[in-house]
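Structure file upload_1.pdb with PDB, C-alpha atoms:
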ATOM      1  CA  MET W  20     134.989  89.402 122.245
ATOM      2  CA  ILE W  21     132.737  86.379 122.448
ATOM      3  CA  HIS W  22     130.304  84.600 120.117
ATOM      4  CA  LYS W  23     126.707  84.788 121.313
ATOM      5  CA  PRO W  24     124.576  81.829 120.241
ATOM      6  CA  ALA W  25     120.881  82.154 119.445
ATOM      7  CA  GLY W  26     118.358  81.464 122.182
ATOM      8  CA  VAL W  27     120.308  82.901 125.115
ATOM      9  CA  LEU W  28     119.615  86.194 126.882
ATOM     10  CA  VAL W  29     122.572  88.555 127.232
ATOM     11  CA  SER W  30     121.482  89.600 130.728
ATOM     12  CA  GLY W  31     118.425  89.699 132.954
ATOM     13  CA  ASN W  32     116.792  87.765 135.766
ATOM     14  CA  ASN W  33     117.116  84.318 134.188
ATOM     15  CA  PHE W  34     119.845  82.004 135.447
ATOM     16  CA  LYS W  35     120.887  81.080 131.901
ATOM     17  CA  THR W  36     122.340  84.338 130.568
ATOM     18  CA  ILE W  37     125.596  85.309 128.898
ATOM     19  CA  GLY W  38     126.279  87.639 131.843
ATOM     20  CA  ASN W  39     126.048  84.783 134.366
ATOM     21  CA  ALA W  40     128.187  82.415 132.262
ATOM     22  CA  LEU W  41     131.119  84.775 131.682
ATOM     23  CA  ALA W  42     132.904  84.469 135.030
ATOM     24  CA  GLN W  43     133.292  80.682 134.602
ATOM     25  CA  ASN W  44     134.307  80.843 130.946
ATOM     26  CA  ILE W  45     136.769  83.684 130.372
ATOM     27  CA  GLN W  46     140.041  84.702 131.995
ATOM     28  CA  PRO W  47     139.642  87.464 134.587
ATOM     29  CA  SER W  48     141.430  90.776 134.118
ATOM     30  CA  THR W  49     144.781  91.281 135.863
ATOM     31  CA  LEU W  50     144.199  95.039 136.259
ATOM     32  CA  PRO W  51     143.775  96.545 139.744
ATOM     33  CA  ASP W  52     140.127  97.453 139.011
ATOM     34  CA  ALA W  53     139.226  93.976 137.711
ATOM     35  CA  THR W  54     135.587  93.042 138.182
ATOM     36  CA  LYS W  55     133.146  90.323 137.198
ATOM     37  CA  PRO W  56     133.133  90.274 133.358
ATOM     38  CA  GLN W  57     129.988  91.710 131.828
ATOM     39  CA  PRO W  58     128.592  92.502 128.366
ATOM     40  CA  VAL W  59     128.802  96.196 127.451
ATOM     41  CA  HIS W  60     125.978  96.092 124.874
ATOM     42  CA  ARG W  61     123.035  93.841 124.012
ATOM     43  CA  LEU W  62     121.943  91.452 121.308
ATOM     44  CA  ASP W  63     118.400  90.101 121.013
ATOM     45  CA  PHE W  64     117.600  86.641 122.410
ATOM     46  CA  ALA W  65     117.316  85.208 118.868
ATOM     47  CA  THR W  66     120.303  87.057 117.343
ATOM     48  CA  THR W  67     123.704  85.388 116.944
ATOM     49  CA  GLY W  68     127.095  87.046 116.682
ATOM     50  CA  ILE W  69     129.801  89.146 118.203
ATOM     51  CA  LEU W  70     129.435  90.504 121.724
ATOM     52  CA  LEU W  71     131.892  92.783 123.511
ATOM     53  CA  VAL W  72     132.649  92.106 127.181
ATOM     54  CA  GLY W  73     134.392  94.339 129.719
ATOM     55  CA  LYS W  74     136.527  92.830 132.503
ATOM     56  CA  SER W  75     137.518  95.915 134.524
ATOM     57  CA  ASN W  76     135.454  98.762 135.968
ATOM     58  CA  SER W  77     137.253 101.372 133.851
ATOM     59  CA  SER W  78     136.835  99.413 130.599
ATOM     60  CA  ILE W  79     133.143  98.715 131.240
ATOM     61  CA  ARG W  80     132.499 102.430 131.876
ATOM     62  CA  ALA W  81     134.525 103.525 128.837
ATOM     63  CA  LEU W  82     132.959 100.986 126.465
ATOM     64  CA  ASN W  83     129.412 101.698 127.676
ATOM     65  CA  LYS W  84     130.006 105.375 126.963
ATOM     66  CA  MET W  85     131.381 104.579 123.480
ATOM     67  CA  PHE W  86     128.224 102.649 122.608
ATOM     68  CA  GLU W  87     126.072 105.518 123.924
ATOM     69  CA  THR W  88     127.990 108.117 121.904
ATOM     70  CA  LYS W  89     127.955 105.909 118.773
ATOM     71  CA  GLU W  90     131.729 105.514 118.568
ATOM     72  CA  VAL W  91     131.412 101.783 117.866
ATOM     73  CA  GLU W  92     130.621 100.849 114.254
ATOM     74  CA  LYS W  93     128.373  97.775 114.178
ATOM     75  CA  THR W  94     127.722  95.648 111.097
ATOM     76  CA  TYR W  95     125.033  92.986 110.936
ATOM     77  CA  TYR W  96     123.941  90.576 108.238
ATOM     78  CA  ALA W  97     120.375  89.399 107.752
ATOM     79  CA  VAL W  98     118.420  87.286 105.315
ATOM     80  CA  THR W  99     115.337  89.193 104.184
ATOM     81  CA  ILE W 100     112.271  88.283 102.147
ATOM     82  CA  GLY W 101     111.124  89.908  98.882
ATOM     83  CA  GLU W 102     112.654  91.928  96.044
ATOM     84  CA  MET W 103     114.762  94.752  97.514
ATOM     85  CA  LYS W 104     116.509  97.870  96.235
ATOM     86  CA  ASN W 105     120.326  97.736  96.150
ATOM     87  CA  SER W 106     120.680 100.032  99.151
ATOM     88  CA  GLY W 107     118.670 102.306 101.353
ATOM     89  CA  GLN W 108     118.210 104.165 104.590
ATOM     90  CA  ILE W 109     115.331 103.426 106.956
ATOM     91  CA  THR W 110     114.348 106.051 109.516
ATOM     92  CA  SER W 111     111.514 106.014 112.023
ATOM     93  CA  ASP W 112     110.671 106.694 115.646
ATOM     94  CA  ILE W 113     111.044 103.648 117.901
ATOM     95  CA  ASP W 114     109.814 104.108 121.477
ATOM     96  CA  GLU W 115     109.450 107.835 120.653
ATOM     97  CA  LYS W 116     113.147 108.133 119.762
ATOM     98  CA  LYS W 117     114.656 108.751 116.338
ATOM     99  CA  SER W 118     116.231 105.691 114.751
ATOM    100  CA  GLN W 119     118.151 104.989 111.552
ATOM    101  CA  SER W 120     119.435 101.858 109.819
ATOM    102  CA  ASN W 121     121.346 101.730 106.526
ATOM    103  CA  TYR W 122     121.289  98.630 104.342
ATOM    104  CA  ARG W 123     123.131  97.283 101.315
ATOM    105  CA  LEU W 124     122.004  94.314  99.253
ATOM    106  CA  ILE W 125     124.802  91.754  98.755
ATOM    107  CA  ILE W 126     123.007  89.062  96.721
ATOM    108  CA  SER W 127     119.486  87.790  96.011
ATOM    109  CA  VAL W 128     118.481  84.231  95.202
ATOM    110  CA  SER W 129     115.156  82.894  93.948
ATOM    111  CA  SER W 130     113.069  80.884  96.372
ATOM    112  CA  LYS W 131     109.948  78.829  95.665
ATOM    113  CA  ARG W 132     108.464  79.623  99.035
ATOM    114  CA  TYR W 133     109.553  83.255  99.470
ATOM    115  CA  GLY W 134     109.983  84.536  95.911
ATOM    116  CA  LYS W 135     113.339  86.157  96.730
ATOM    117  CA  LEU W 136     115.755  85.777  99.622
ATOM    118  CA  ASN W 137     118.374  88.473 100.115
ATOM    119  CA  LEU W 138     121.663  88.617 101.980
ATOM    120  CA  VAL W 139     121.733  92.161 103.350
ATOM    121  CA  GLU W 140     124.462  94.092 105.163
ATOM    122  CA  LEU W 141     123.006  96.327 107.874
ATOM    123  CA  LYS W 142     124.519  99.260 109.721
ATOM    124  CA  PRO W 143     122.380 100.497 112.604
ATOM    125  CA  MET W 144     123.173 104.171 113.241
ATOM    126  CA  THR W 145     121.173 104.116 116.476
ATOM    127  CA  GLY W 146     120.583 101.334 118.987
ATOM    128  CA  ARG W 147     116.865 100.948 119.669
ATOM    129  CA  ARG W 148     115.273  97.710 120.863
ATOM    130  CA  HIS W 149     114.572  95.353 117.920
ATOM    131  CA  GLN W 150     115.548  98.210 115.590
ATOM    132  CA  LEU W 151     116.759  96.203 112.592
ATOM    133  CA  ARG W 152     113.856  93.773 112.806
ATOM    134  CA  LYS W 153     111.290  96.592 113.051
ATOM    135  CA  HIS W 154     112.921  98.615 110.277
ATOM    136  CA  LEU W 155     113.073  95.776 107.765
ATOM    137  CA  SER W 156     109.514  94.739 108.575
ATOM    138  CA  SER W 157     108.375  98.363 108.069
ATOM    139  CA  ILE W 158     109.586  98.316 104.436
ATOM    140  CA  ASN W 159     107.902  94.923 103.832
ATOM    141  CA  HIS W 160     111.169  92.956 103.811
ATOM    142  CA  PRO W 161     111.066  91.143 107.157
ATOM    143  CA  ILE W 162     113.971  89.044 108.355
ATOM    144  CA  LEU W 163     113.617  85.341 107.625
ATOM    145  CA  GLY W 164     112.491  83.462 110.735
ATOM    146  CA  ASP W 165     111.263  86.553 112.612
ATOM    147  CA  SER W 166     108.280  85.278 114.617
ATOM    148  CA  GLU W 167     107.485  88.737 116.031
ATOM    149  CA  TYR W 168     107.770  91.079 113.034
ATOM    150  CA  GLY W 169     107.655  88.603 110.152
ATOM    151  CA  ILE W 170     104.884  87.318 107.919
ATOM    152  CA  LYS W 171     103.022  84.703 109.986
ATOM    153  CA  GLN W 172     102.512  82.122 107.221
ATOM    154  CA  LEU W 173     106.191  82.361 106.233
ATOM    155  CA  ILE W 174     107.735  81.649 109.646
ATOM    156  CA  LEU W 175     110.364  78.909 109.541
ATOM    157  CA  LYS W 176     109.875  76.311 112.244
ATOM    158  CA  GLY W 177     113.007  75.466 114.183
ATOM    159  CA  LYS W 178     115.493  77.497 112.080
ATOM    160  CA  GLY W 179     115.525  80.621 114.232
ATOM    161  CA  LEU W 180     116.078  84.233 113.230
ATOM    162  CA  TYR W 181     118.428  84.978 110.321
ATOM    163  CA  LEU W 182     120.093  88.000 111.947
ATOM    164  CA  HIS W 183     123.796  87.955 112.809
ATOM    165  CA  ALA W 184     125.980  90.561 114.510
ATOM    166  CA  PHE W 185     128.970  90.304 112.179
ATOM    167  CA  SER W 186     131.555  92.902 113.231
ATOM    168  CA  LEU W 187     132.562  95.688 115.599
ATOM    169  CA  LYS W 188     135.024  98.466 114.832
ATOM    170  CA  PHE W 189     136.203 101.040 117.367
ATOM    171  CA  VAL W 190     139.213 102.828 118.805
ATOM    172  CA  HIS W 191     140.425 101.186 122.015
ATOM    173  CA  PRO W 192     139.604 103.642 124.834
ATOM    174  CA  PHE W 193     143.029 103.272 126.491
ATOM    175  CA  THR W 194     145.581 102.331 123.805
ATOM    176  CA  GLN W 195     143.895 104.457 121.077
ATOM    177  CA  LYS W 196     144.506 101.662 118.565
ATOM    178  CA  GLU W 197     141.810 101.023 115.988
ATOM    179  CA  LEU W 198     140.336  97.572 116.532
ATOM    180  CA  TYR W 199     138.213  95.451 114.219
ATOM    181  CA  PHE W 200     136.652  92.105 115.110
ATOM    182  CA  GLU W 201     134.310  89.869 113.180
ATOM    183  CA  ASP W 202     132.339  86.687 113.733
ATOM    184  CA  GLY W 203     131.809  84.726 110.489
ATOM    185  CA  LEU W 204     128.324  84.025 109.182
ATOM    186  CA  PRO W 205     126.523  80.980 110.600
ATOM    187  CA  ILE W 206     126.243  77.822 108.501
ATOM    188  CA  LYS W 207     122.500  78.364 108.015
ATOM    189  CA  PHE W 208     123.343  81.583 106.087
ATOM    190  CA  GLN W 209     126.010  79.813 104.064
ATOM    191  CA  LYS W 210     123.528  77.172 102.925
ATOM    192  CA  LEU W 211     121.336  79.774 101.201
ATOM    193  CA  PHE W 212     123.844  81.689  99.071
ATOM    194  CA  PRO W 213     126.807  80.909  96.758
ATOM    195  CA  THR W 214     129.983  80.629  98.822
ATOM    196  CA  GLU W 215     131.816  83.457  97.016
ATOM    197  CA  PHE W 216     129.363  85.952  98.558
ATOM    198  CA  ILE W 217     129.733  84.676 102.111
TER     199      ILE W 217
END
Can you present the structure in this file as C-alpha cells?
Amino acid sequence: MIHKPAGVLVSGNNFKTIGNALAQNIQPSTLPDATKPQPVHRLDFATTGILLVGKSNSSIRALNKMFETKEVEKTYYAVTIGEMKNSGQITSDIDEKKSQSNYRLIISVSSKRYGKLNLVELKPMTGRRHQLRKHLSSINHPILGDSEYGIKQLILKGKGLYLHAFSLKFVHPFTQKELYFEDGLPIKFQKLFPTEFI
C-alpha cells in the first residue's frame, strides 16, 4: 500500500509516474517470482489516496483479477457542491459500459461562494474512467476543484481536486485473510469540516 499524491500519473509514457518511482522507493519481494513493483489499479492524475502495488508476478496477476471481478471494496471521499440528498445510487453508461456509484452524505456546511459544501462517502461498484467525477457532475453536484466536469466559474485555483481514495478492503489472494487499509483524509478536507466528522 502506498499514498498517491495529487498531480502524478500512476503509469504511462511520462518519466514521472508512480510506476517508475516504485523500484527505487519500496523493498523488493523476496519470493521466487519477484518482479519490478507495479500498481495493480489506477487513480486519476488529480486524485489522492491509497494505491495497491504488487511485487511478484503471482500477486500482480491475482490482484488484477480481483479488481476486474470486483472483489476489492473501494471507498472514496469527495467534497461536492450544492444541497444533496442523504444517500443515493447513480447509474449510467460510461464508454458504452454500465456503471454504478453509491454515495452517502456525511456532513454539509454552508459556504458563501458555493451555497453548500458536502463531505460525501463514495463506493464505486464499477471502475470506469473518471466514473465518480462524471457521476457526481451528472446529478449537478460536481466535485470541488474539478476542472473537467465542474462548474467553470466555481473552479478553485491551485487547490486541486477534492477526491480522495480512502480505503481498500479485500481478502488476501494467498493467505485468505481479510485485509483493510486506509489513508486518512488530506488536510485540505479537514479544513472545511468540523474535526469530529473527519
Fill in the blank from the handout: CA of Val139 (chain W) to CA of Glu115 (chain W) measures 26.4 Å
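All protein and nucleic acid residues in the vicinity of (127.8, 88.6, 113.2), that is within 9 Å when counting only C-alpha atoms, are His22, Thr66, Thr67, Gly68, Ile69, Leu70, Thr94, Tyr95, Tyr96, Leu182, His183, Ala184, Phe185, Ser186, Leu187, Glu201, Asp202, Gly203, Leu204 and Pro205 of chain W.
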Exercise for the section: Report as a list of chain:residue names the residues that result from applying the PyMOL selection byres ((chain W and resi 141) around 9) to the structure here. Expected result: W:Lys93, W:Thr94, W:Tyr95, W:Tyr96, W:Ala97, W:Ser120, W:Asn121, W:Tyr122, W:Arg123, W:Leu124, W:Val139, W:Glu140, W:Lys142, W:Pro143, W:Leu151
Fill in the blank from the handout: CA of Phe189 (chain W) to CA of Val91 (chain W) measures 4.9 Å
Problem - Atom pair CA of Gly73 (chain W) / CA of Pro56 (chain W): separation (Å) - result: 5.6 Å
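For Lys207 (chain W), the residues within 10 Å (counting all atoms listed in the file, excluding itself and residues fewer than 3 positions away along the chain) are Lys178, Gly179, Tyr181, Leu204, Lys210, Leu211 and Phe212 of chain W.
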Problem - Neighbour list for Gln43 (chain W) as a PyMOL selection string, cut-off 12 Å, only C-alpha atoms, skip fewer than 3 positions in-chain - result: chain W and resi 37-40+46-47+55-57
Identify, on the basis of only C-alpha atoms, every residue whose closest approach to Glu167 (chain W) does not exceed 12 Å; exclude the query and any residue fewer than 6 positions from it along the same chain; express the result as a CSV table (one decimal) with C-alpha atoms, in the frame of the given file.
chain,number,residue,atom,x,y,z
W,65,ALA,CA,117.3,85.2,118.9
W,149,HIS,CA,114.6,95.4,117.9
W,152,ARG,CA,113.9,93.8,112.8
W,153,LYS,CA,111.3,96.6,113.1
W,156,SER,CA,109.5,94.7,108.6
W,161,PRO,CA,111.1,91.1,107.2
W,173,LEU,CA,106.2,82.4,106.2
W,174,ILE,CA,107.7,81.6,109.6
W,179,GLY,CA,115.5,80.6,114.2
W,180,LEU,CA,116.1,84.2,113.2
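Ranking W:Ile113, W:Met85, W:Met144, W:Leu163 by their shortest atom-to-atom distance to Arg132 (chain W), with only C-alpha atoms included, puts W:Leu163 first.
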Practice task
Spell out the residues picked by the PyMOL selection byres ((chain W and resi 110) around 8) here, as a PyMOL selection string.
Solution key: chain W and resi 108-109+111-112+117-120+154
Give me the box for region 184-196 of chain W as AutoDock Vina command-line options, namely the centre and edge lengths in Å to one decimal of a box along x, y and z that holds every listed atom plus 5 Å on each side.
--center_x 135.8 --center_y 97.4 --center_z 119.3 --size_x 29.6 --size_y 24.2 --size_z 24.3
Problem - Selection under test: the PyMOL selection byres ((chain W and resi 80) around 12); residues as a list of chain:residue names - result: W:Asp52, W:Thr54, W:Gln57, W:Pro58, W:Val59, W:His60, W:Val72, W:Gly73, W:Lys74, W:Ser75, W:Asn76, W:Ser77, W:Ser78, W:Ile79, W:Ala81, W:Leu82, W:Asn83, W:Lys84, W:Met85, W:Phe86, W:Glu87, W:Pro192, W:Phe193
Output of the above residues as a PDB file, in the coordinates of the input, restricted to C-alpha atoms:
ATOM      1  CA  ASP W  52     140.127  97.453 139.011  1.00  0.00           C
ATOM      2  CA  THR W  54     135.587  93.042 138.182  1.00  0.00           C
ATOM      3  CA  GLN W  57     129.988  91.710 131.828  1.00  0.00           C
ATOM      4  CA  PRO W  58     128.592  92.502 128.366  1.00  0.00           C
ATOM      5  CA  VAL W  59     128.802  96.196 127.451  1.00  0.00           C
ATOM      6  CA  HIS W  60     125.978  96.092 124.874  1.00  0.00           C
ATOM      7  CA  VAL W  72     132.649  92.106 127.181  1.00  0.00           C
ATOM      8  CA  GLY W  73     134.392  94.339 129.719  1.00  0.00           C
ATOM      9  CA  LYS W  74     136.527  92.830 132.503  1.00  0.00           C
ATOM     10  CA  SER W  75     137.518  95.915 134.524  1.00  0.00           C
ATOM     11  CA  ASN W  76     135.454  98.762 135.968  1.00  0.00           C
ATOM     12  CA  SER W  77     137.253 101.372 133.851  1.00  0.00           C
ATOM     13  CA  SER W  78     136.835  99.413 130.599  1.00  0.00           C
ATOM     14  CA  ILE W  79     133.143  98.715 131.240  1.00  0.00           C
ATOM     15  CA  ALA W  81     134.525 103.525 128.837  1.00  0.00           C
ATOM     16  CA  LEU W  82     132.959 100.986 126.465  1.00  0.00           C
ATOM     17  CA  ASN W  83     129.412 101.698 127.676  1.00  0.00           C
ATOM     18  CA  LYS W  84     130.006 105.375 126.963  1.00  0.00           C
ATOM     19  CA  MET W  85     131.381 104.579 123.480  1.00  0.00           C
ATOM     20  CA  PHE W  86     128.224 102.649 122.608  1.00  0.00           C
ATOM     21  CA  GLU W  87     126.072 105.518 123.924  1.00  0.00           C
ATOM     22  CA  PRO W 192     139.604 103.642 124.834  1.00  0.00           C
ATOM     23  CA  PHE W 193     143.029 103.272 126.491  1.00  0.00           C
TER      24      PHE W 193
END
Can you give me N, CA and C atoms for region 72-102 of chain W, written as a compact mmCIF listing (two decimals), in the frame of the given file?
# COMPACT_ATOMS: atom_id res chain seq x y z
N VAL W 72 132.72 92.29 125.73
CA VAL W 72 132.65 92.11 127.18
C VAL W 72 133.74 92.94 127.84
N GLY W 73 133.40 93.60 128.93
CA GLY W 73 134.39 94.34 129.72
C GLY W 73 134.77 93.53 130.95
N LYS W 74 136.06 93.63 131.37
CA LYS W 74 136.53 92.83 132.50
C LYS W 74 137.10 93.69 133.63
N SER W 75 137.08 95.01 133.45
CA SER W 75 137.52 95.92 134.52
C SER W 75 136.51 97.06 134.61
N ASN W 76 136.42 97.68 135.79
CA ASN W 76 135.45 98.76 135.97
C ASN W 76 135.68 99.90 134.97
N SER W 77 136.96 100.25 134.76
CA SER W 77 137.25 101.37 133.85
C SER W 77 136.90 101.03 132.40
N SER W 78 137.15 99.78 131.99
CA SER W 78 136.84 99.41 130.60
C SER W 78 135.32 99.33 130.39
N ILE W 79 134.60 98.80 131.36
CA ILE W 79 133.14 98.72 131.24
C ILE W 79 132.54 100.11 131.11
N ARG W 80 133.00 101.03 131.95
CA ARG W 80 132.50 102.43 131.88
C ARG W 80 132.82 103.05 130.52
N ALA W 81 134.09 102.90 130.10
CA ALA W 81 134.52 103.52 128.84
C ALA W 81 133.78 102.94 127.64
N LEU W 82 133.62 101.62 127.61
CA LEU W 82 132.96 100.99 126.46
C LEU W 82 131.47 101.29 126.44
N ASN W 83 130.83 101.30 127.62
CA ASN W 83 129.41 101.70 127.68
C ASN W 83 129.21 103.09 127.08
N LYS W 84 130.11 104.00 127.45
CA LYS W 84 130.01 105.38 126.96
C LYS W 84 130.19 105.42 125.44
N MET W 85 131.13 104.59 124.92
CA MET W 85 131.38 104.58 123.48
C MET W 85 130.16 104.07 122.70
N PHE W 86 129.45 103.10 123.26
CA PHE W 86 128.22 102.65 122.61
C PHE W 86 127.16 103.75 122.65
N GLU W 87 127.06 104.43 123.79
CA GLU W 87 126.07 105.52 123.92
C GLU W 87 126.36 106.65 122.94
N THR W 88 127.63 106.99 122.77
CA THR W 88 127.99 108.12 121.90
C THR W 88 128.26 107.69 120.46
N LYS W 89 127.89 106.44 120.14
CA LYS W 89 127.96 105.91 118.77
C LYS W 89 129.36 105.92 118.19
N GLU W 90 130.34 105.60 119.04
CA GLU W 90 131.73 105.51 118.57
C GLU W 90 132.11 104.09 118.17
N VAL W 91 131.17 103.17 118.27
CA VAL W 91 131.41 101.78 117.87
C VAL W 91 130.61 101.52 116.59
N GLU W 92 131.31 101.13 115.52
CA GLU W 92 130.62 100.85 114.25
C GLU W 92 130.22 99.38 114.24
N LYS W 93 128.91 99.14 114.14
CA LYS W 93 128.37 97.78 114.18
C LYS W 93 127.89 97.38 112.79
N THR W 94 128.22 96.18 112.37
CA THR W 94 127.72 95.65 111.10
C THR W 94 127.02 94.32 111.36
N TYR W 95 125.82 94.22 110.82
CA TYR W 95 125.03 92.99 110.94
C TYR W 95 124.78 92.45 109.53
N TYR W 96 124.46 91.16 109.47
CA TYR W 96 123.94 90.58 108.24
C TYR W 96 122.60 89.93 108.55
N ALA W 97 121.69 90.03 107.60
CA ALA W 97 120.38 89.40 107.75
C ALA W 97 119.98 88.78 106.43
N VAL W 98 119.07 87.82 106.51
CA VAL W 98 118.42 87.29 105.32
C VAL W 98 117.00 87.85 105.32
N THR W 99 116.65 88.56 104.26
CA THR W 99 115.34 89.19 104.18
C THR W 99 114.52 88.58 103.05
N ILE W 100 113.21 88.85 103.11
CA ILE W 100 112.27 88.28 102.15
C ILE W 100 111.81 89.36 101.18
N GLY W 101 111.70 89.00 99.88
CA GLY W 101 111.12 89.91 98.88
C GLY W 101 112.17 90.64 98.07
N GLU W 102 111.73 91.23 96.96
CA GLU W 102 112.65 91.93 96.04
C GLU W 102 113.02 93.29 96.60
